[in-house]
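Reviewing the structure listed below.
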Amino acid sequence: MIPEQARFSTFSRLLHWLMAVMVVAMLFLGIGMAASVSIRYRVLISIHRPLGIAILILVVIRFVNRLVNPPPPLPATMSSLERLGARGSHVLLYILMALLPLVGWGMLSAARYPIVVFGALQLPPILPYNLALYSALRQLHTVLAFLLFATFIAHFGAALFHALVRRDGVFESMAPGLRRALTRTVPPPRN
Amino acid sequence: MFQAGELPVVGRFSLAGGMPFQVDKPAAVRALALQFLPPGAQEWRTGTLNIPVFAVNSARGFYDQLLATAPDPKTGKPDPAKMTAFLAAHPETAKALSIIAKRTLSSGFFDSTFNGLNAFRFVNAAGASVPVRWSFLPLTSLPAEAMPQSTPADENYLFDALIAQLNQHPLQWRLMITLGEPGDPTNDATIPWPDGRPQIDAGTVTIDRVASEDGSNCTGINFDPLVLPNGIEPSDDPLLSARSAVYARSFTLRAGQVREKPPSAVNPRAVQRSADP
């Protein structure tokens with residue numbers, strides 16, 4: 001049984017899983033959008049923008065929440081290299097989740113596109129009009145999206161590794177409440 | 001958008017197609033793209049052409065047309081057999097081309113009718129919508145002595161005449177909104193709507209200043225047909241999404257080459273020279 005204090009707070013877990021769904025959806029939306037000339041393009045782009053802004057807002061809330069509700073300590077069985085990898089990949093995830101929407105917003109600003117979120121809700125430009133800047137940011141948006149995809153895969157792989165191989169409670173610390181019953185089958189962390 | 005009053009508009013006159021240095025010819029398809037900027041409201045961008053219908057009705061049709069009209073590397077000219085096969089596979093294009101061929105050619109940009117071609121929907125606050133197409137009808141008629149002096153023999157005669165006219169007086173077009181009726185195709189830009197559909201005079205576009213594309217503020221606008229204000233929504237026309245997606249890609253490519261772009265044939269000096277008495 002995983003001790004209760006070793007888990008993330010309920011709010012932290014809620015934010016994590018909500019954003020997990022949103023970010024993964026966003027990655028596929030973005031790829032689908034860039035590859036389509038059909039009516040799907042219009043539908044996907046109309047979801048892409050409000051979803052991106054929602055992720056930007058949530059990542060700020062999540063960062064504040066992380067300061068208020070610090071994550072549980074990693075198990076002592078993890079080596080210092082593994083800890084470094086865990087910390088680095090999480091920092092990278094936070095940076096990318098904040099940076100991708102900002103670069104998207106910025107590139108639309110630099111190209112003088114109206115930044116319509118939905119309906120009449122429109123955002124102000126955050127960068128001056130500059131086509132070369134737009135071009136650079138547009139490319140950066142793609143590069144960062146692939147980097148986020150790679151980081152997500154690493155994160156997902158590490159989660160599975162903790163859950164299935166290490167069985168050290170790290171996966172369960174972020175697992176939704178429903179998973180609590182399953183944690184009984186997981187041996188307690190070896191320390 | 002359509003409330004009484006004046007609002008700023010930026011436009012771009014161009015010739016259709018992807019050839020930056022093509023020579024002005026009477027039958028070259030002329031384009032007018034407009035960006036309406038109502039203060040405190042949402043922007044409207046629209047691209048229009050001086051043809052009555054579009055030549056294709058789908059992204060696939062456009063792609064096939066590009067392949068069929070691509071010059072043969074041996075002869076330097078499109079292969080007629082490919083064009084025949086393309087028209088056989090796309091009867092809608094064959095019909096549209098015959099409608100386009102019958103159009104009356106006006107003398108220049110100033111007296112051209114520019115059509116939006118794709119259908120959209122006007123939606124009111126209650127959510128009721130009506131299919132529409134729009135056109136810009138020329139209001140300027142010039143006395144004989146003010147008619148363009150340059151002739152089709154000049155490489156840039158359409159643009160030279162436009163610049164000369166705009167340096168003398170504003171040019172105007174009337175925005176006419178055609179209301180579709182049930183059964184009028186909204187998803188096929190190759191088919192004209194029947195004559196006699198009700199039309200609404202929605203305002204006048206006045207162009208009173210002209211600039212070369214080099215350094216002007218129209219160059220860096222992507223005239224994306226899905227940049228629409230509240231109250232105008234896309235129809236089920238597949239070309240709208242296709243245009244939006246493709247324009248975004250080509251706009252990005254052009255934006256990455258702004259420093260490499262060769263100067264325009266219609267350069268600021270030509271515009272200025274024409275303004276001097």
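Letters A, B, ... mark the chains of the structure tokens in the order given; residue numbers begin at 1 per chain; ligand numbers begin at 1, in order shown.
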
> Which residues, written as a PyMOL selection string, have at least one atom at most 9 Å from B:Phe159, with only C-alpha atoms counted and residues fewer than 2 positions away on the same chain left out?
Replying inline: chain B and resi 13-14+24+108-109+156-157+161-164+266

Would you save the residues from that selection as a PDB file, in the first residue's frame, using C-alpha atoms?
```
ATOM      1  CA  PHE B  13      -4.515  44.135 -56.922  1.00  0.00           C
ATOM      2  CA  SER B  14      -2.793  41.234 -58.568  1.00  0.00           C
ATOM      3  CA  ASP B  24      -0.184  41.774 -68.277  1.00  0.00           C
ATOM      4  CA  GLY B 108      -8.518  47.411 -66.774  1.00  0.00           C
ATOM      5  CA  PHE B 109      -8.664  46.815 -63.052  1.00  0.00           C
ATOM      6  CA  ASN B 156       2.634  46.152 -67.073  1.00  0.00           C
ATOM      7  CA  TYR B 157      -0.202  47.965 -68.825  1.00  0.00           C
ATOM      8  CA  ALA B 161      -3.069  52.293 -65.872  1.00  0.00           C
ATOM      9  CA  LEU B 162      -4.338  51.513 -62.383  1.00  0.00           C
ATOM     10  CA  ILE B 163      -1.557  53.534 -60.775  1.00  0.00           C
ATOM     11  CA  ALA B 164      -2.122  56.466 -63.131  1.00  0.00           C
ATOM     12  CA  VAL B 266       5.672  47.555 -60.172  1.00  0.00           C
TER      13      VAL B 266
END
```

Near chain B, 12 Å: chain A residue rows, closest pairs, only C-alpha atoms, as CSV:
```
residue,atom,partner,partner_atom,distance
A:Gly32,CA,B:Ala245,CA,11.5
A:Met33,CA,B:Ala245,CA,8.3
A:Ala34,CA,B:Ala245,CA,7.8
A:Ala35,CA,B:Ala245,CA,8.9
A:Ser36,CA,B:Ala245,CA,7.3
A:Val37,CA,B:Ala242,CA,4.4
A:Ser38,CA,B:Ala242,CA,5.8
A:Ile39,CA,B:Ser241,CA,5.3
A:Arg40,CA,B:Ser241,CA,7.8
A:Tyr41,CA,B:Ser241,CA,6.1
A:Arg42,CA,B:Ser241,CA,5.6
A:Val43,CA,B:Ser241,CA,9.0
A:Leu44,CA,B:Ser241,CA,10.6
A:Ile45,CA,B:Ala245,CA,9.7
A:Ser46,CA,B:Leu226,CA,10.6
A:Met107,CA,B:Thr252,CA,10.4
A:Leu108,CA,B:Ala248,CA,10.9
A:Ser109,CA,B:Ile221,CA,11.9
A:Ala110,CA,B:Gly220,CA,10.0
A:Ala111,CA,B:Gly220,CA,7.2
A:Arg112,CA,B:Ile221,CA,7.1
A:Tyr113,CA,B:Asn222,CA,7.9
A:Pro114,CA,B:Glu43,CA,7.0
A:Ile115,CA,B:Gln42,CA,9.7
A:Val116,CA,B:Gln42,CA,8.6
A:Val117,CA,B:Gln42,CA,11.8
A:Phe118,CA,B:Asn230,CA,9.9
A:Gly119,CA,B:Asn230,CA,6.8
A:Ala120,CA,B:Asn230,CA,6.4
A:Leu121,CA,B:Gln42,CA,9.4
A:Gln122,CA,B:Gln42,CA,8.1
A:Leu123,CA,B:Gln42,CA,10.9
A:Pro124,CA,B:Gly40,CA,11.4
A:Tyr129,CA,B:Gly220,CA,9.0
A:Asn130,CA,B:Gly220,CA,8.6
A:Leu131,CA,B:Ala255,CA,5.1
A:Ala132,CA,B:Ala255,CA,5.7
A:Leu133,CA,B:Ala255,CA,8.4
A:Tyr134,CA,B:Ala255,CA,7.0
A:Ser135,CA,B:Gly256,CA,5.0
A:Ala136,CA,B:Gly256,CA,7.3
A:Leu137,CA,B:Thr252,CA,10.1
A:Arg138,CA,B:Thr252,CA,7.5
A:Gln139,CA,B:Thr252,CA,9.0
```

Would you return as a compact mmCIF listing (two decimals) with C-alpha atoms, in the first residue's frame the members of stretch 7-213 of chain B that DSSP assigns to strand (DSSP E) on this structure's backbone?
```txt
# COMPACT_ATOMS: atom_id res chain seq x y z
CA VAL B 9 -9.68 48.94 -45.95
CA VAL B 10 -6.40 47.72 -47.41
CA GLY B 11 -6.40 45.91 -50.72
CA ARG B 12 -4.13 44.18 -53.16
CA PHE B 13 -4.52 44.13 -56.92
CA SER B 14 -2.79 41.23 -58.57
CA LEU B 15 -2.86 38.80 -61.42
CA ARG B 30 -7.30 39.91 -62.32
CA ALA B 31 -7.62 39.71 -58.58
CA LEU B 32 -8.62 42.14 -55.87
CA ALA B 33 -8.06 41.07 -52.27
CA LEU B 34 -9.45 43.22 -49.47
CA GLN B 35 -8.92 43.50 -45.74
CA PHE B 36 -11.63 45.37 -43.83
CA TRP B 44 -12.77 40.52 -42.68
CA ARG B 45 -10.44 39.38 -45.46
CA THR B 46 -11.64 38.33 -48.87
CA GLY B 47 -10.01 37.49 -52.18
CA THR B 48 -11.95 38.10 -55.39
CA LEU B 49 -11.38 37.46 -59.10
CA PHE B 114 -14.57 41.12 -58.81
CA ASN B 115 -16.39 38.04 -57.53
CA PHE B 120 -20.48 31.82 -47.27
CA ARG B 121 -23.27 32.13 -44.72
CA PHE B 122 -24.57 35.28 -43.10
CA VAL B 123 -25.77 34.43 -39.61
CA SER B 129 -28.43 31.86 -41.61
CA VAL B 130 -28.64 32.53 -45.32
CA PRO B 131 -26.17 31.42 -48.01
CA VAL B 132 -24.43 34.32 -49.76
CA ARG B 133 -21.92 35.10 -52.43
CA TRP B 134 -20.42 38.54 -52.89
CA SER B 135 -19.13 40.71 -55.69
CA PHE B 136 -17.52 44.11 -56.08
CA LEU B 137 -19.11 46.00 -58.99
CA PRO B 138 -17.12 48.85 -60.52
CA LEU B 171 -11.70 54.26 -57.64
CA GLN B 172 -14.88 52.75 -56.25
CA TRP B 173 -16.67 49.44 -56.21
CA ARG B 174 -20.10 48.56 -54.84
CA LEU B 175 -20.24 45.53 -52.56
CA MET B 176 -23.21 43.44 -53.67
CA ILE B 177 -24.31 40.50 -51.56
CA THR B 178 -26.26 37.86 -53.48
CA LEU B 179 -28.65 35.81 -51.35
CA GLN B 199 -29.02 41.25 -54.07
CA ILE B 200 -28.19 43.64 -51.25
CA ASP B 201 -26.11 46.76 -51.74
CA ALA B 202 -23.88 46.48 -48.67
CA GLY B 203 -21.63 49.50 -49.18
CA THR B 204 -18.97 51.13 -51.29
CA VAL B 205 -15.28 50.32 -51.36
CA THR B 206 -13.17 53.37 -52.11
CA ILE B 207 -9.51 52.95 -53.02
```

>> Using only C-alpha atoms for the distances, tell me which of B:Ala85, B:Gln3, B:Pro185, B:Thr190 is nearest to B:Asp64.
In response: B:Ala85

> Of the residues B:Ile191, B:Val53, B:Ala265, B:Val271, which is the one nearest to B:Pro20, using only C-alpha atoms?
Replying inline: B:Ala265

>> Please extract the residues of stretch 4-191 of chain A with a backbone DSSP assignment of alpha helix (DSSP H) and present them as a PyMOL selection string.
In response: chain A and resi 10-34+39-68+80-110+131-160+170-174

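Shortest atom-to-atom contact with B:Ser112 among B:Val29, B:Ala126, B:Val23, B:Met1: B:Val29, counting only C-alpha atoms.
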
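When atom CA of B:Ser98 is paired with atom CA of B:Asn118, their separation reads 18.4 Å.
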
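Distance annotation: of A:His16, A:Arg62, A:His141, A:Arg167, the residue with the minimal separation from A:Leu96 is A:His141; atom set is only C-alpha atoms.
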
> In Å, how far is it from atom CA of A:Met174 to atom CA of A:Leu92?
Replying inline: 18.2 Å

> atom CA of A:Val24 and atom CA of A:Val143 are how many Å apart?
Replying inline: 15.9 Å

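Distance annotation: of A:Pro71, A:Pro128, A:Pro101, A:Gly157, the residue with the minimal separation from A:Leu58 is A:Pro101; atom set is only C-alpha atoms.
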
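In this comparison, which uses only C-alpha atoms, the residue of B:Gly215, B:Pro39, B:Pro52, B:Pro8 approaching B:Lys102 most closely is B:Pro52.
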